[in-house]
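Participant: Contents of my_file-v6.txt (compact mmCIF, C-alpha atoms and all ligand atoms) are below:
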```txt
# COMPACT_ATOMS: atom_id res chain seq x y z
CA MET R 21 -5.26 -7.70 -20.85
CA ARG R 22 -3.74 -4.28 -20.27
CA ILE R 23 -4.93 -2.14 -17.34
CA LEU R 24 -4.06 1.46 -16.50
CA GLY R 25 -3.83 2.07 -12.74
CA ILE R 26 -3.87 5.48 -11.03
CA GLU R 27 -2.87 6.06 -7.38
CA GLY R 28 -2.88 9.31 -5.44
CA THR R 29 -4.25 8.77 -1.92
CA ALA R 30 -1.59 10.84 -0.12
CA TRP R 31 1.97 11.45 -1.36
CA ALA R 32 2.50 9.32 -4.49
CA ALA R 33 1.12 10.65 -7.77
CA SER R 34 1.49 7.40 -9.64
CA ALA R 35 0.27 5.72 -12.82
CA SER R 36 0.89 2.20 -13.99
CA VAL R 37 0.34 -0.17 -16.86
CA PHE R 38 -0.17 -3.81 -15.93
CA GLU R 39 -0.19 -6.24 -18.84
CA THR R 40 -0.91 -9.90 -18.31
CA PRO R 41 -2.37 -12.88 -20.13
CA ASP R 42 -3.92 -14.06 -16.83
CA PRO R 43 -4.60 -11.71 -13.89
CA ALA R 44 -5.21 -14.66 -11.55
CA ARG R 45 -1.52 -15.58 -11.34
CA VAL R 46 2.00 -14.33 -12.07
CA THR R 47 3.15 -15.39 -15.53
CA ASP R 48 6.42 -14.97 -17.44
CA ASP R 49 4.65 -12.56 -19.78
CA ASP R 50 3.54 -10.16 -17.05
CA HIS R 51 4.72 -6.61 -17.40
CA VAL R 52 4.33 -3.84 -14.80
CA PHE R 53 5.30 -0.28 -15.66
CA ILE R 54 5.08 2.31 -12.85
CA GLU R 55 5.66 6.06 -13.13
CA THR R 56 5.58 7.96 -9.80
CA ASP R 57 6.07 11.59 -8.86
CA ALA R 58 6.39 11.87 -5.07
CA TYR R 59 5.27 14.83 -2.99
CA ALA R 60 7.96 15.82 -0.50
CA PRO R 61 6.92 18.52 1.99
CA ASP R 62 9.42 21.37 2.48
CA SER R 63 8.85 21.15 6.22
CA GLY R 64 6.68 19.15 8.62
CA GLY R 65 4.51 16.25 7.51
CA ILE R 66 2.06 15.84 4.63
CA HIS R 67 -0.10 18.98 4.27
CA PRO R 68 -3.42 17.94 2.62
CA ARG R 69 -3.68 21.16 0.58
CA GLU R 70 -0.07 20.95 -0.68
CA ALA R 71 -0.51 17.24 -1.42
CA ALA R 72 -3.62 18.03 -3.50
CA GLU R 73 -1.72 20.76 -5.37
CA HIS R 74 0.98 18.23 -6.11
CA MET R 75 -1.61 15.74 -7.40
CA GLY R 76 -3.15 18.42 -9.61
CA GLU R 77 0.23 19.07 -11.22
CA ALA R 78 1.70 15.57 -11.30
CA ILE R 79 -1.23 13.25 -12.06
CA PRO R 80 -1.76 14.46 -15.66
CA ASP R 81 1.95 13.94 -16.43
CA VAL R 82 2.32 10.47 -14.91
CA VAL R 83 -0.95 9.35 -16.53
CA GLU R 84 0.17 10.66 -19.93
CA THR R 85 3.50 8.83 -19.56
CA ALA R 86 1.68 5.59 -18.71
CA ILE R 87 -0.69 6.00 -21.66
CA GLU R 88 2.27 6.50 -24.00
CA HIS R 89 3.77 3.33 -22.58
CA ALA R 90 0.49 1.46 -23.14
CA HIS R 91 0.46 2.65 -26.76
CA GLU R 92 4.01 1.34 -27.23
CA ARG R 93 3.07 -2.02 -25.71
CA ALA R 94 -0.03 -2.23 -27.88
CA ALA R 95 1.98 -1.41 -31.00
CA GLY R 96 4.60 -4.00 -30.03
CA ALA R 97 1.92 -6.63 -29.45
CA GLY R 98 1.02 -6.51 -33.14
CA SER R 99 -1.67 -4.99 -35.24
CA ASN R 100 -4.19 -7.77 -34.60
CA GLU R 101 -4.63 -6.86 -30.97
CA HIS R 102 -5.83 -3.31 -31.43
CA GLY R 103 -6.98 -1.57 -34.57
CA ALA R 104 -5.73 1.88 -35.46
CA ASP R 105 -8.53 3.65 -33.56
CA SER R 106 -8.89 1.22 -30.68
CA SER R 107 -7.81 1.66 -27.10
CA PRO R 108 -4.36 0.59 -25.86
CA ILE R 109 -5.94 -0.30 -22.51
CA ASP R 110 -8.88 -2.49 -21.49
CA ALA R 111 -9.86 -0.62 -18.33
CA VAL R 112 -8.85 2.17 -15.96
CA ALA R 113 -8.43 1.29 -12.27
CA PHE R 114 -8.12 4.03 -9.66
CA ALA R 115 -7.73 4.30 -5.89
CA ARG R 116 -11.16 5.35 -4.52
CA GLY R 117 -9.92 5.52 -0.92
CA PRO R 118 -9.00 5.56 1.89
CA GLY R 119 -6.92 8.71 1.69
CA LEU R 120 -6.96 12.49 1.60
CA GLY R 121 -10.23 13.69 0.04
CA PRO R 122 -8.78 16.52 -2.10
CA CYS R 123 -6.14 14.14 -3.53
CA LEU R 124 -8.65 11.35 -4.19
CA ARG R 125 -10.94 13.71 -6.09
CA ILE R 126 -8.15 14.61 -8.52
CA VAL R 127 -7.31 10.94 -9.11
CA ALA R 128 -10.98 10.04 -9.67
CA THR R 129 -11.45 12.91 -12.11
CA ALA R 130 -8.41 11.82 -14.10
CA ALA R 131 -9.56 8.19 -14.11
CA ARG R 132 -13.05 9.10 -15.35
CA ALA R 133 -11.60 11.31 -18.09
CA VAL R 134 -9.24 8.59 -19.35
CA ALA R 135 -11.97 5.92 -19.22
CA GLN R 136 -14.22 8.17 -21.31
CA ARG R 137 -11.43 9.09 -23.71
CA PHE R 138 -10.76 5.43 -24.53
CA ASP R 139 -14.33 4.26 -23.93
CA VAL R 140 -13.27 1.55 -21.49
CA PRO R 141 -14.71 0.52 -18.08
CA LEU R 142 -13.73 2.09 -14.78
CA VAL R 143 -12.65 -0.01 -11.78
CA GLY R 144 -12.75 1.49 -8.26
CA VAL R 145 -10.04 -0.03 -6.07
CA ASN R 146 -9.68 0.04 -2.29
CA HIS R 147 -6.10 1.18 -1.63
CA MET R 148 -5.66 -1.01 1.48
CA VAL R 149 -6.95 -4.13 -0.25
CA ALA R 150 -4.51 -3.34 -3.08
CA HIS R 151 -1.63 -3.27 -0.54
CA LEU R 152 -2.72 -6.79 0.43
CA GLU R 153 -3.54 -8.20 -2.98
CA VAL R 154 -0.24 -7.22 -4.58
CA GLY R 155 1.53 -9.46 -2.05
CA ARG R 156 -0.98 -12.29 -2.49
CA HIS R 157 -0.69 -12.03 -6.27
CA ARG R 158 3.09 -11.97 -6.46
CA SER R 159 3.63 -14.65 -3.79
CA GLY R 160 1.14 -17.03 -5.38
CA PHE R 161 -0.17 -17.71 -1.84
CA ASP R 162 -3.73 -18.90 -1.70
CA SER R 163 -5.26 -17.40 1.43
CA PRO R 164 -2.67 -15.54 3.47
CA VAL R 165 -3.03 -13.35 6.52
CA CYS R 166 -1.81 -9.87 5.61
CA LEU R 167 -0.03 -7.32 7.75
CA ASN R 168 -0.55 -3.85 6.29
CA ALA R 169 2.09 -1.59 7.82
CA SER R 170 1.69 1.70 6.02
CA GLY R 171 1.84 5.41 6.75
CA ALA R 172 -1.75 6.17 7.69
CA ASN R 173 -2.83 2.64 8.65
CA ALA R 174 -1.81 -0.52 10.45
CA HIS R 175 -3.97 -3.60 10.41
CA ILE R 176 -4.04 -7.35 10.07
CA LEU R 177 -6.44 -8.79 7.53
CA GLY R 178 -7.72 -12.29 6.90
CA TYR R 179 -10.17 -13.55 4.28
CA ARG R 180 -13.47 -15.15 5.24
CA ASN R 181 -16.76 -15.57 3.39
CA GLY R 182 -16.20 -13.10 0.59
CA ARG R 183 -14.59 -10.28 2.61
CA TYR R 184 -11.25 -9.32 4.08
CA ARG R 185 -11.90 -9.14 7.83
CA VAL R 186 -9.94 -6.74 10.00
CA LEU R 187 -8.53 -9.09 12.64
CA GLY R 188 -6.54 -6.40 14.42
CA GLU R 189 -5.70 -2.74 13.92
CA THR R 190 -4.22 0.37 15.41
CA MET R 191 -6.30 2.06 18.07
CA ASP R 192 -4.81 5.47 17.28
CA THR R 193 -2.38 6.55 14.55
CA GLY R 194 -1.01 4.63 11.57
CA VAL R 195 2.39 3.05 12.16
CA GLY R 196 4.32 5.18 9.64
CA ASN R 197 2.60 8.37 10.80
CA ALA R 198 3.66 7.59 14.37
CA ILE R 199 7.30 7.18 13.32
CA ASP R 200 7.11 10.36 11.21
CA LYS R 201 5.70 12.35 14.17
CA PHE R 202 8.71 11.35 16.25
CA THR R 203 11.19 12.31 13.52
CA ARG R 204 9.43 15.66 13.02
CA HIS R 205 9.86 16.31 16.74
CA ILE R 206 13.63 15.89 16.41
CA GLY R 207 13.80 17.98 13.24
CA TRP R 208 14.27 15.32 10.57
CA SER R 209 12.60 15.80 7.20
CA HIS R 210 9.69 13.69 5.96
CA PRO R 211 9.52 10.71 5.60
CA GLY R 212 11.14 9.66 8.86
CA GLY R 213 10.92 5.87 8.51
CA PRO R 214 14.06 5.33 6.41
CA LYS R 215 16.07 7.62 8.72
CA VAL R 216 14.92 5.72 11.82
CA GLU R 217 15.98 2.49 10.13
CA GLN R 218 19.43 3.87 9.37
CA HIS R 219 20.01 5.30 12.87
CA ALA R 220 18.67 2.21 14.65
CA ARG R 221 21.56 0.18 13.19
CA ASP R 222 24.05 2.07 15.41
CA GLY R 223 21.85 2.23 18.51
CA GLU R 224 21.49 0.28 21.75
CA TYR R 225 17.98 -0.86 22.66
CA HIS R 226 16.09 1.72 24.74
CA GLU R 227 12.92 0.45 26.41
CA LEU R 228 9.61 2.03 25.33
CA PRO R 229 5.99 1.14 26.21
CA TYR R 230 4.73 -2.02 24.51
CA VAL R 231 0.97 -1.74 23.90
CA VAL R 232 -0.97 -4.71 22.52
CA LYS R 233 -4.57 -5.18 23.62
CA GLY R 234 -6.01 -8.43 22.30
CA MET R 235 -5.54 -8.16 18.55
CA ASP R 236 -5.20 -4.37 18.51
CA PHE R 237 -2.24 -2.14 19.17
CA SER R 238 -1.47 1.49 19.98
CA PHE R 239 1.46 3.70 19.01
CA SER R 240 0.71 7.07 20.58
CA GLY R 241 2.23 6.22 24.01
CA ILE R 242 5.41 4.95 22.35
CA MET R 243 5.76 8.17 20.40
CA SER R 244 5.30 10.37 23.47
CA ALA R 245 7.83 8.27 25.40
CA ALA R 246 10.30 8.35 22.49
CA LYS R 247 10.06 12.15 22.21
CA GLN R 248 10.49 12.50 25.96
CA ALA R 249 13.51 10.18 25.98
CA VAL R 250 15.31 12.26 23.35
CA ASP R 251 14.39 15.49 25.18
CA GLU R 252 15.93 14.00 28.35
CA GLY R 253 19.20 13.18 26.59
CA VAL R 254 18.89 9.51 25.57
CA PRO R 255 20.94 9.11 22.34
CA VAL R 256 18.72 9.35 19.27
CA ASP R 257 20.16 6.15 17.80
CA ASP R 258 19.16 4.24 20.96
CA VAL R 259 15.61 5.60 20.80
CA CYS R 260 15.37 4.66 17.11
CA ARG R 261 16.52 1.13 17.94
CA GLY R 262 14.04 0.89 20.82
CA MET R 263 11.26 2.17 18.59
CA GLU R 264 11.93 -0.38 15.86
CA GLU R 265 12.24 -3.29 18.29
CA THR R 266 9.09 -2.33 20.20
CA ILE R 267 6.78 -1.46 17.32
CA PHE R 268 7.85 -4.34 15.12
CA ALA R 269 7.64 -6.85 18.00
CA MET R 270 4.04 -5.69 18.57
CA LEU R 271 3.19 -6.14 14.88
CA THR R 272 4.91 -9.53 14.83
CA GLU R 273 3.06 -10.72 17.95
CA VAL R 274 -0.33 -9.81 16.51
CA SER R 275 0.54 -11.31 13.11
CA GLU R 276 1.45 -14.57 14.83
CA ARG R 277 -1.80 -14.55 16.80
CA ALA R 278 -3.72 -13.95 13.55
CA LEU R 279 -2.02 -16.94 11.93
CA SER R 280 -2.87 -19.05 14.94
CA LEU R 281 -6.48 -17.82 15.11
CA THR R 282 -7.22 -18.39 11.43
CA GLY R 283 -5.14 -21.56 11.00
CA ALA R 284 -3.45 -19.91 8.01
CA ASP R 285 0.14 -20.82 7.17
CA GLU R 286 0.97 -17.89 4.89
CA LEU R 287 1.72 -14.27 5.76
CA VAL R 288 2.19 -11.38 3.34
CA LEU R 289 3.40 -7.90 4.15
CA GLY R 290 2.09 -4.66 2.63
CA GLY R 291 2.63 -0.91 3.08
CA GLY R 292 5.51 1.55 3.09
CA VAL R 293 6.81 0.61 6.58
CA GLY R 294 7.07 -2.92 5.18
CA GLN R 295 10.21 -1.75 3.36
CA ASN R 296 11.99 -1.90 6.71
CA ASP R 297 14.53 -4.70 6.78
CA ARG R 298 14.23 -5.32 10.55
CA LEU R 299 10.45 -5.74 10.31
CA GLN R 300 10.83 -8.17 7.43
CA ARG R 301 13.40 -10.20 9.37
CA MET R 302 11.25 -10.37 12.52
CA LEU R 303 8.21 -11.53 10.57
CA GLY R 304 10.31 -13.98 8.55
CA GLU R 305 11.79 -15.54 11.69
CA MET R 306 8.39 -15.82 13.37
CA CYS R 307 6.96 -17.57 10.31
CA GLN R 308 9.93 -19.89 10.05
CA GLN R 309 9.55 -20.92 13.71
CA ARG R 310 5.91 -21.89 13.19
CA GLY R 311 6.40 -23.49 9.76
CA ALA R 312 4.52 -20.75 7.90
CA LYS R 313 5.52 -19.09 4.64
CA PHE R 314 6.32 -15.38 4.54
CA TYR R 315 6.39 -13.04 1.56
CA ALA R 316 7.30 -9.37 1.27
CA PRO R 317 6.92 -7.83 -2.19
CA GLU R 318 9.67 -5.72 -3.77
CA ASN R 319 9.88 -2.20 -2.34
CA ARG R 320 8.27 -0.66 -5.43
CA PHE R 321 5.10 -2.62 -4.56
CA LEU R 322 5.25 -1.97 -0.80
CA ARG R 323 5.21 1.84 -0.71
CA ASP R 324 2.22 3.56 -2.33
CA ASN R 325 2.29 2.81 -6.06
CA ALA R 326 -0.12 2.50 -8.95
CA GLY R 327 1.16 -0.98 -9.83
CA MET R 328 -0.85 -2.51 -6.99
CA ILE R 329 -3.94 -0.56 -8.14
CA ALA R 330 -3.52 -1.90 -11.70
CA ILE R 331 -2.92 -5.48 -10.51
CA LEU R 332 -6.03 -5.58 -8.30
CA GLY R 333 -7.87 -3.61 -11.01
CA ALA R 334 -7.08 -6.38 -13.50
CA LYS R 335 -8.48 -9.03 -11.16
CA MET R 336 -11.64 -6.99 -10.57
CA TYR R 337 -12.07 -6.25 -14.27
CA ALA R 338 -11.74 -9.97 -15.09
CA ALA R 339 -14.47 -10.65 -12.51
CA GLY R 340 -16.76 -8.03 -14.11
CA ASP R 341 -16.39 -5.78 -11.05
CA THR R 342 -16.50 -2.40 -12.79
CA ILE R 343 -18.39 0.77 -11.85
CA ALA R 344 -20.42 3.30 -13.76
CA ILE R 345 -19.01 6.83 -13.78
CA GLU R 346 -22.03 8.13 -11.85
CA ASP R 347 -21.29 5.62 -9.05
CA SER R 348 -17.56 6.33 -8.91
CA ARG R 349 -17.48 8.85 -6.06
CA ILE R 350 -14.46 8.68 -3.77
CA ASP R 351 -14.55 7.42 -0.18
CA SER R 352 -11.84 8.87 2.04
CA ASN R 353 -12.72 6.43 4.86
CA PHE R 354 -13.11 3.35 2.62
CA ARG R 355 -12.42 0.40 4.94
CA PRO R 356 -11.06 -2.86 3.53
CA ASP R 357 -13.87 -4.91 5.09
CA GLU R 358 -16.46 -2.92 3.09
CA VAL R 359 -15.18 -4.45 -0.15
CA ALA R 360 -17.03 -7.43 -1.61
CA VAL R 361 -14.21 -9.67 -2.85
CA THR R 362 -15.57 -10.57 -6.28
CA TRP R 363 -12.33 -11.73 -7.89
CA ARG R 364 -11.31 -14.70 -5.77
CA GLY R 365 -14.20 -16.85 -6.99
CA ALA R 366 -13.34 -15.94 -10.59
CA GLU R 367 -9.69 -16.96 -9.99
CA GLU R 368 -10.67 -20.43 -8.81
CA SER R 369 -13.04 -21.18 -11.70
P1 LIG M 1 -1.39 4.40 3.43
O1 LIG M 1 -1.03 3.33 2.48
O2 LIG M 1 -1.89 3.94 4.74
O3 LIG M 1 -2.32 5.42 2.80
P2 LIG M 1 0.85 6.24 3.09
O4 LIG M 1 0.05 6.84 2.01
O5 LIG M 1 1.43 7.17 4.09
O6 LIG M 1 0.01 5.13 3.79
P3 LIG M 1 3.00 4.29 2.38
O7 LIG M 1 3.83 4.48 1.17
O8 LIG M 1 2.28 3.00 2.53
O9 LIG M 1 2.06 5.55 2.35
O10 LIG M 1 3.91 4.45 3.67
C1 LIG M 1 4.67 5.60 3.91
C2 LIG M 1 5.29 5.45 5.30
O11 LIG M 1 6.33 4.46 5.25
C3 LIG M 1 5.91 6.71 5.84
O12 LIG M 1 5.36 6.92 7.12
C4 LIG M 1 7.40 6.38 5.92
O13 LIG M 1 8.06 7.01 6.99
C5 LIG M 1 7.37 4.88 6.10
N1 LIG M 1 8.62 4.22 5.68
C6 LIG M 1 9.20 4.27 4.46
N2 LIG M 1 10.36 3.56 4.47
C7 LIG M 1 10.49 3.04 5.72
C8 LIG M 1 11.47 2.22 6.37
N3 LIG M 1 12.55 1.80 5.73
N4 LIG M 1 11.28 1.90 7.67
C9 LIG M 1 10.18 2.32 8.34
N5 LIG M 1 9.23 3.10 7.78
C10 LIG M 1 9.37 3.45 6.49
```
Show the structure stored in the file as structure tokens.
Facilitator:
Amino acid sequence: MRILGIEGTAWAASASVFETPDPARVTDDDHVFIETDAYAPDSGGIHPREAAEHMGEAIPDVVETAIEHAHERAAGAGSNEHGADSSPIDAVAFARGPGLGPCLRIVATAARAVAQRFDVPLVGVNHMVAHLEVGRHRSGFDSPVCLNASGANAHILGYRNGRYRVLGETMDTGVGNAIDKFTRHIGWSHPGGPKVEQHARDGEYHELPYVVKGMDFSFSGIMSAAKQAVDEGVPVDDVCRGMEETIFAMLTEVSERALSLTGADELVLGGGVGQNDRLQRMLGEMCQQRGAKFYAPENRFLRDNAGMIAILGAKMYAAGDTIAIEDSRIDSNFRPDEVAVTWRGAEES
């Protein structure tokens, strides 16, 4: 099976080819090709209009590159697999949401066009569930709790009765967006997360508000306090260190509570903030202390990427979970718990 994936919910114009003999598990013959063209704002954060302009320019190129790659793979696989006129891909998977509406519309249009060009089915993927499923797929874990720590979101998910349930989530901004707002305030370019990680290494811990309410958490108070601290002369490195320790301790506490609540003994990490080494170490230590397993995918699968869209797309396609073009409208507020998880039953059979 060979699936083309297209991602473009915010900053990453990305296309992927996922080839596998069995989408239910990682095999030695799996192959994931990812081509990404990132939008980097000249100043400030992500501007929706500029991001959409970037998608309009970059999506056709990354998709064309991925299609060329699929053709090469098909040719290499031998003439029996595909005849001269047949398609190099079995389906097209695309991110339907959540994300920026103008960006999503460009991705959906491209996906529909490619599906029609090759006369293959279309698969509509929830971007947040893809952040989760790529970790579940590559870890081989059965039913993990997932911490999604991404730019525009932050939530803890657990599977029950055919859906991923949101066990806890941010009450205000996404975790990466909160960090980026702080770095914008001090004049650093977007994205701020990697810079905070670098500066935190040289800093002393500076105390910031710790806000966990039940299973939910809030970042806006931390950001205001962090901005104020820098304005009052606290060294930036110390504030970065305090921010990492505070935010990641909150996420670790709620992840632990989710493991305890669900009785799960596996945790996977998803999302661009998940690339942070300190967050990975805190989660890893917590899991080790309670005898749970922890898995963080490679960075190329943590930040936004079309590989995760193609991987979940392959699982959905194998389960017959495709959509007609007329039903393939985007959903910029597409929540993960709205998705009927069709593919897990198919994996077990
Ligand atoms: P979403 O998946 O919710 O739509 P997104 O589209 O913003 O989010 P992601 O790629 O998941 O994209 O995450 C991007 C975020 O990750 C940015 O806010 C960025 O600052 C943050 N980030 C990247 N690297 C690091 C790091 N090393 N430490 C902390 N944060 C990081």
Participant: Name all residues at most 12 Å from Lys201 of chain R (count only C-alpha atoms; drop same-chain ones fewer than 4 positions away) and give them as a JSON list (two decimals) with C-alpha atoms, in the coordinates of the input.
Facilitator:
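Output file around-v8.json is given in full below:
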```json
[["chain", "number", "residue", "atom", "x", "y", "z"],
["R", 64, "GLY", "CA", 6.68, 19.15, 8.62],
["R", 65, "GLY", "CA", 4.51, 16.25, 7.51],
["R", 66, "ILE", "CA", 2.06, 15.84, 4.63],
["R", 171, "GLY", "CA", 1.84, 5.41, 6.75],
["R", 172, "ALA", "CA", -1.75, 6.17, 7.69],
["R", 193, "THR", "CA", -2.38, 6.55, 14.55],
["R", 194, "GLY", "CA", -1.01, 4.63, 11.57],
["R", 195, "VAL", "CA", 2.39, 3.05, 12.16],
["R", 196, "GLY", "CA", 4.32, 5.18, 9.64],
["R", 197, "ASN", "CA", 2.60, 8.37, 10.80],
["R", 205, "HIS", "CA", 9.86, 16.31, 16.74],
["R", 206, "ILE", "CA", 13.63, 15.89, 16.41],
["R", 207, "GLY", "CA", 13.80, 17.98, 13.24],
["R", 208, "TRP", "CA", 14.27, 15.32, 10.57],
["R", 209, "SER", "CA", 12.60, 15.80, 7.20],
["R", 210, "HIS", "CA", 9.69, 13.69, 5.96],
["R", 211, "PRO", "CA", 9.52, 10.71, 5.60],
["R", 212, "GLY", "CA", 11.14, 9.66, 8.86],
["R", 213, "GLY", "CA", 10.92, 5.87, 8.51],
["R", 216, "VAL", "CA", 14.92, 5.72, 11.82],
["R", 239, "PHE", "CA", 1.46, 3.70, 19.01],
["R", 240, "SER", "CA", 0.71, 7.07, 20.58],
["R", 242, "ILE", "CA", 5.41, 4.95, 22.35],
["R", 243, "MET", "CA", 5.76, 8.17, 20.40],
["R", 244, "SER", "CA", 5.30, 10.37, 23.47],
["R", 246, "ALA", "CA", 10.30, 8.35, 22.49],
["R", 247, "LYS", "CA", 10.06, 12.15, 22.21]]
```
Participant: At what distance in Å, to one decimal, does atom N1 of ligand LIG 1 (chain M) lie from atom CA of Asp257 of chain R?
Facilitator: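 A separation of 16.8 Å between them.
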Participant: So what do you get for atom CA of Pro108 of chain R versus atom CA of Ala133 of chain R, distance-wise?
Facilitator: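 Pair atom CA of Pro108 of chain R / atom CA of Ala133 of chain R returns 15.1 Å.
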Participant: Output, as JSON, the centre and edge lengths in Å (one decimal) of the axis-aligned box that contains all listed atoms of ligand LIG 1 (chain M) with 5 Å of margin on each side.
Facilitator:
```
{"center_x": 5.1, "center_y": 4.5, "center_z": 4.8, "size_x": 24.9, "size_y": 15.4, "size_z": 17.2}
```
Participant: Set out as a tab-separated table a contact list for chain R and ligand LIG 1 (chain M) with a cut-off of 8 Å, giving each residue of chain R that qualifies its closest atom pair and distance in Å to one decimal, counting only C-alpha atoms and all ligand atoms, ordered by chain and rising residue number.
Facilitator:
```
residue	atom	partner	partner_atom	distance
R:Thr29	CA	M:LIG1	O3	6.1
R:Ala30	CA	M:LIG1	O4	4.8
R:Trp31	CA	M:LIG1	O4	6.0
R:Ala32	CA	M:LIG1	O4	7.4
R:Pro118	CA	M:LIG1	O3	6.7
R:Gly119	CA	M:LIG1	O3	5.8
R:His147	CA	M:LIG1	O1	6.9
R:Met148	CA	M:LIG1	O1	6.4
R:His151	CA	M:LIG1	O1	7.3
R:Ala169	CA	M:LIG1	O8	7.0
R:Ser170	CA	M:LIG1	O8	3.8
R:Gly171	CA	M:LIG1	O5	3.2
R:Ala172	CA	M:LIG1	O2	3.7
R:Asn173	CA	M:LIG1	O2	4.2
R:Ala174	CA	M:LIG1	O2	7.2
R:Gly194	CA	M:LIG1	O2	6.9
R:Val195	CA	M:LIG1	O12	7.0
R:Gly196	CA	M:LIG1	O12	3.2
R:Asn197	CA	M:LIG1	O12	4.8
R:Ala198	CA	M:LIG1	O12	7.5
R:Ile199	CA	M:LIG1	O13	6.4
R:Asp200	CA	M:LIG1	O13	5.5
R:His210	CA	M:LIG1	O13	7.0
R:Pro211	CA	M:LIG1	O13	4.2
R:Gly212	CA	M:LIG1	O13	4.5
R:Gly213	CA	M:LIG1	N5	3.3
R:Pro214	CA	M:LIG1	N3	3.9
R:Lys215	CA	M:LIG1	N3	7.4
R:Val216	CA	M:LIG1	N4	6.7
R:Glu217	CA	M:LIG1	N4	5.3
R:Gly290	CA	M:LIG1	O8	7.7
R:Gly291	CA	M:LIG1	O8	4.0
R:Gly292	CA	M:LIG1	O10	3.4
R:Val293	CA	M:LIG1	N5	3.7
R:Gly294	CA	M:LIG1	C9	6.9
R:Gln295	CA	M:LIG1	N3	4.9
R:Asn296	CA	M:LIG1	N3	3.9
R:Asp297	CA	M:LIG1	N3	6.9
R:Leu322	CA	M:LIG1	O8	6.7
R:Arg323	CA	M:LIG1	O7	3.5
R:Asp324	CA	M:LIG1	O7	4.0
R:Asn325	CA	M:LIG1	O7	7.6
```
Participant: Could the residues in this selection be saved with C-alpha atoms as a short mmCIF file (atom, residue, chain, number, x, y, z; two decimals), in the frame of the given file?
Facilitator:
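This went into out18.cif:
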```cif
data_model
loop_
_atom_site.label_atom_id
_atom_site.label_comp_id
_atom_site.auth_asym_id
_atom_site.auth_seq_id
_atom_site.Cartn_x
_atom_site.Cartn_y
_atom_site.Cartn_z
CA THR R 29 -4.25 8.77 -1.92
CA ALA R 30 -1.59 10.84 -0.12
CA TRP R 31 1.97 11.45 -1.36
CA ALA R 32 2.50 9.32 -4.49
CA PRO R 118 -9.00 5.56 1.89
CA GLY R 119 -6.92 8.71 1.69
CA HIS R 147 -6.10 1.18 -1.63
CA MET R 148 -5.66 -1.01 1.48
CA HIS R 151 -1.63 -3.27 -0.54
CA ALA R 169 2.09 -1.59 7.82
CA SER R 170 1.69 1.70 6.02
CA GLY R 171 1.84 5.41 6.75
CA ALA R 172 -1.75 6.17 7.69
CA ASN R 173 -2.83 2.64 8.65
CA ALA R 174 -1.81 -0.52 10.45
CA GLY R 194 -1.01 4.63 11.57
CA VAL R 195 2.39 3.05 12.16
CA GLY R 196 4.32 5.18 9.64
CA ASN R 197 2.60 8.37 10.80
CA ALA R 198 3.66 7.59 14.37
CA ILE R 199 7.30 7.18 13.32
CA ASP R 200 7.11 10.36 11.21
CA HIS R 210 9.69 13.69 5.96
CA PRO R 211 9.52 10.71 5.60
CA GLY R 212 11.14 9.66 8.86
CA GLY R 213 10.92 5.87 8.51
CA PRO R 214 14.06 5.33 6.41
CA LYS R 215 16.07 7.62 8.72
CA VAL R 216 14.92 5.72 11.82
CA GLU R 217 15.98 2.49 10.13
CA GLY R 290 2.09 -4.66 2.63
CA GLY R 291 2.63 -0.91 3.08
CA GLY R 292 5.51 1.55 3.09
CA VAL R 293 6.81 0.61 6.58
CA GLY R 294 7.07 -2.92 5.18
CA GLN R 295 10.21 -1.75 3.36
CA ASN R 296 11.99 -1.90 6.71
CA ASP R 297 14.53 -4.70 6.78
CA LEU R 322 5.25 -1.97 -0.80
CA ARG R 323 5.21 1.84 -0.71
CA ASP R 324 2.22 3.56 -2.33
CA ASN R 325 2.29 2.81 -6.06
#
```
Participant: Under the rule that only C-alpha atoms are counted, which of R:Val256, R:Ile23, R:Cys123, R:Ile109 is the nearest residue to Ala94 of chain R?
Facilitator: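 For Ala94 of chain R, the nearest of the given residues is R:Ile109.
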Participant: Could you list, as an MDAnalysis selection string, every residue within 7 Å of segment 331-336 of chain R, counting all atoms listed in the file and ignoring same-chain residues fewer than 4 positions away?
Facilitator: chainID R and resid 23 38 43:44 113 143 145 150 153:154 327 340:341 362:363
Participant: In Å, with one decimal, what is the gap from atom CA of Ala130 of chain R to atom CA of Ala111 of chain R?
Facilitator: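 Between atom CA of Ala130 of chain R and atom CA of Ala111 of chain R the gap works out to 13.2 Å.
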Participant: Let me make sure I understand: among R:Leu287, R:Phe202, R:Met328, R:Arg349, which one has the smallest atom-to-atom distance to Ser34 of chain R if we use only C-alpha atoms?
Facilitator: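 Of R:Leu287, R:Phe202, R:Met328, R:Arg349, the one nearest Ser34 of chain R is R:Met328, counting only C-alpha atoms.
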Participant: Between R:Ile87, R:Arg364, R:Arg355, R:Arg137, which is the closest to Ser163 of chain R once you count all atoms listed in the file?
Facilitator: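 Ranked by minimum distance to Ser163 of chain R, first place goes to R:Arg364.
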Participant: Using only C-alpha atoms, which residues sit within 12 Å of His89 of chain R once same-chain residues fewer than 4 positions away are excluded, as a PyMOL selection string?
Facilitator: chain R and resi 22-24+35-39+51-55+82-85+93-96+108-109
Participant: Which residue gives the smallest distance to Pro317 of chain R among R:Ala269, R:Ile79, R:Ala71, R:Val288, with all atoms listed in the file counted?
Facilitator: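 Under the stated criterion, the closest residue is R:Val288.
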